[in-house]
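K.L.:
Please read through the structure below; I'll follow up with questions.
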Amino acid sequence: MMPGLAKFVRFAKNVWNINGDAKTDEQIATAGLEALKSWMLEIGLPLTISELGATSDMIPGITETTVIYPAGYLDLTKEDISEILKESL
């Protein structure tokens, strides 16, 4: 099961009015995320950090200047942040 799946299902239903009839929780969550993506595209928000002008050679500098606060949903390391940024290009 995807971590946080119940929260994504709630998000899909409550924010985007996704109908859950005859759908799995994963399908409902995915539909909610697709609705969010469509809305972001509609209003012109960037979906990747490369759309903001970031390049792969900038990732080490971004990673090193990132402030990490414990006690979030998941404690991230600098390595985690670097991987997330690489996937966000």
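Ordered as shown in the structure tokens, chains take letters A, B, and onward, while each chain numbers its residues from 1 and ligands are numbered from 1 in the order shown.
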Give me the residues near A:Thr48 as a PyMOL selection string, where near means some atom within 10 Å (using only C-alpha atoms) and where sequence neighbours in that chain fewer than 5 positions away do not count.
P.N.:
chain A and resi 53-54+85+87-89
K.L.:
Within 12 Å of stretch 18-23 of chain A, counting only C-alpha atoms, which residues qualify if same-chain residues fewer than 4 places away don't, as a PyMOL selection string?
P.N.:
chain A and resi 8-14+27-36
K.L.:
May I have the residues within 12 Å of A:Asp80 as a list of chain:residue names, using only C-alpha atoms and disregarding those fewer than 6 positions away in the same chain?
P.N.:
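Counting only C-alpha atoms, the residues come to A:Ile59, A:Pro60, A:Thr63, A:Glu64, A:Thr66, A:Ile68, A:Leu74, A:Lys86, A:Glu87.
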K.L.:
Expressed in Å to a single decimal, how great is the separation between atom CA of A:Asp57 and atom CA of A:Leu76?
P.N.:
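Answer for the atom CA of A:Asp57 to atom CA of A:Leu76 separation: 21.0 Å.
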K.L.:
Would you please give, as a ChimeraX atom specification, all residues of chain A that DSSP assigns to alpha helix (DSSP H) based on the backbone?
P.N.:
/A:5-16,25-42,59-65,78-87
K.L.:
Using only C-alpha atoms, which of the listed residues (A:Pro3, A:Ile84, A:Asn17, A:Glu26) sits closest to A:Ser56?
P.N.:
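So, comparing all the options, the nearest one is A:Ile84.
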K.L.:
Please provide as an mmCIF file with N, CA and C atoms, in the first residue's frame all residues within 12 Å of A:Val67, with the sequence filter that same-chain residues fewer than 2 positions apart are discarded (counting only C-alpha atoms).
P.N.:
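Dumped everything to part08.cif:
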data_model
loop_
_atom_site.group_PDB
_atom_site.id
_atom_site.type_symbol
_atom_site.label_atom_id
_atom_site.label_comp_id
_atom_site.auth_asym_id
_atom_site.auth_seq_id
_atom_site.Cartn_x
_atom_site.Cartn_y
_atom_site.Cartn_z
ATOM 1 N N ILE A 62 21.999 23.397 -4.244
ATOM 2 C CA ILE A 62 20.647 23.492 -3.668
ATOM 3 C C ILE A 62 20.544 22.566 -2.466
ATOM 4 N N THR A 63 21.045 21.356 -2.622
ATOM 5 C CA THR A 63 20.990 20.372 -1.536
ATOM 6 C C THR A 63 21.719 20.868 -0.300
ATOM 7 N N GLU A 64 22.920 21.407 -0.487
ATOM 8 C CA GLU A 64 23.718 21.845 0.653
ATOM 9 C C GLU A 64 23.110 23.039 1.382
ATOM 10 N N THR A 65 22.348 23.866 0.694
ATOM 11 C CA THR A 65 21.759 25.040 1.351
ATOM 12 C C THR A 65 20.347 24.793 1.846
ATOM 13 N N TYR A 69 14.397 20.378 8.806
ATOM 14 C CA TYR A 69 13.822 20.388 10.147
ATOM 15 C C TYR A 69 13.250 19.014 10.449
ATOM 16 N N PRO A 70 13.621 18.432 11.574
ATOM 17 C CA PRO A 70 13.055 17.130 11.941
ATOM 18 C C PRO A 70 11.588 17.273 12.341
ATOM 19 N N ASP A 75 11.461 12.141 7.965
ATOM 20 C CA ASP A 75 12.756 12.799 8.128
ATOM 21 C C ASP A 75 13.618 12.511 6.900
ATOM 22 N N LEU A 76 14.016 13.559 6.192
ATOM 23 C CA LEU A 76 14.818 13.431 4.985
ATOM 24 C C LEU A 76 16.283 13.722 5.269
ATOM 25 N N THR A 77 17.150 13.080 4.513
ATOM 26 C CA THR A 77 18.585 13.356 4.576
ATOM 27 C C THR A 77 18.948 14.231 3.377
ATOM 28 N N LYS A 78 20.162 14.744 3.378
ATOM 29 C CA LYS A 78 20.639 15.512 2.216
ATOM 30 C C LYS A 78 20.616 14.635 0.962
ATOM 31 N N ILE A 81 17.098 14.480 -0.374
ATOM 32 C CA ILE A 81 16.753 15.735 -1.037
ATOM 33 C C ILE A 81 17.397 15.795 -2.415
#
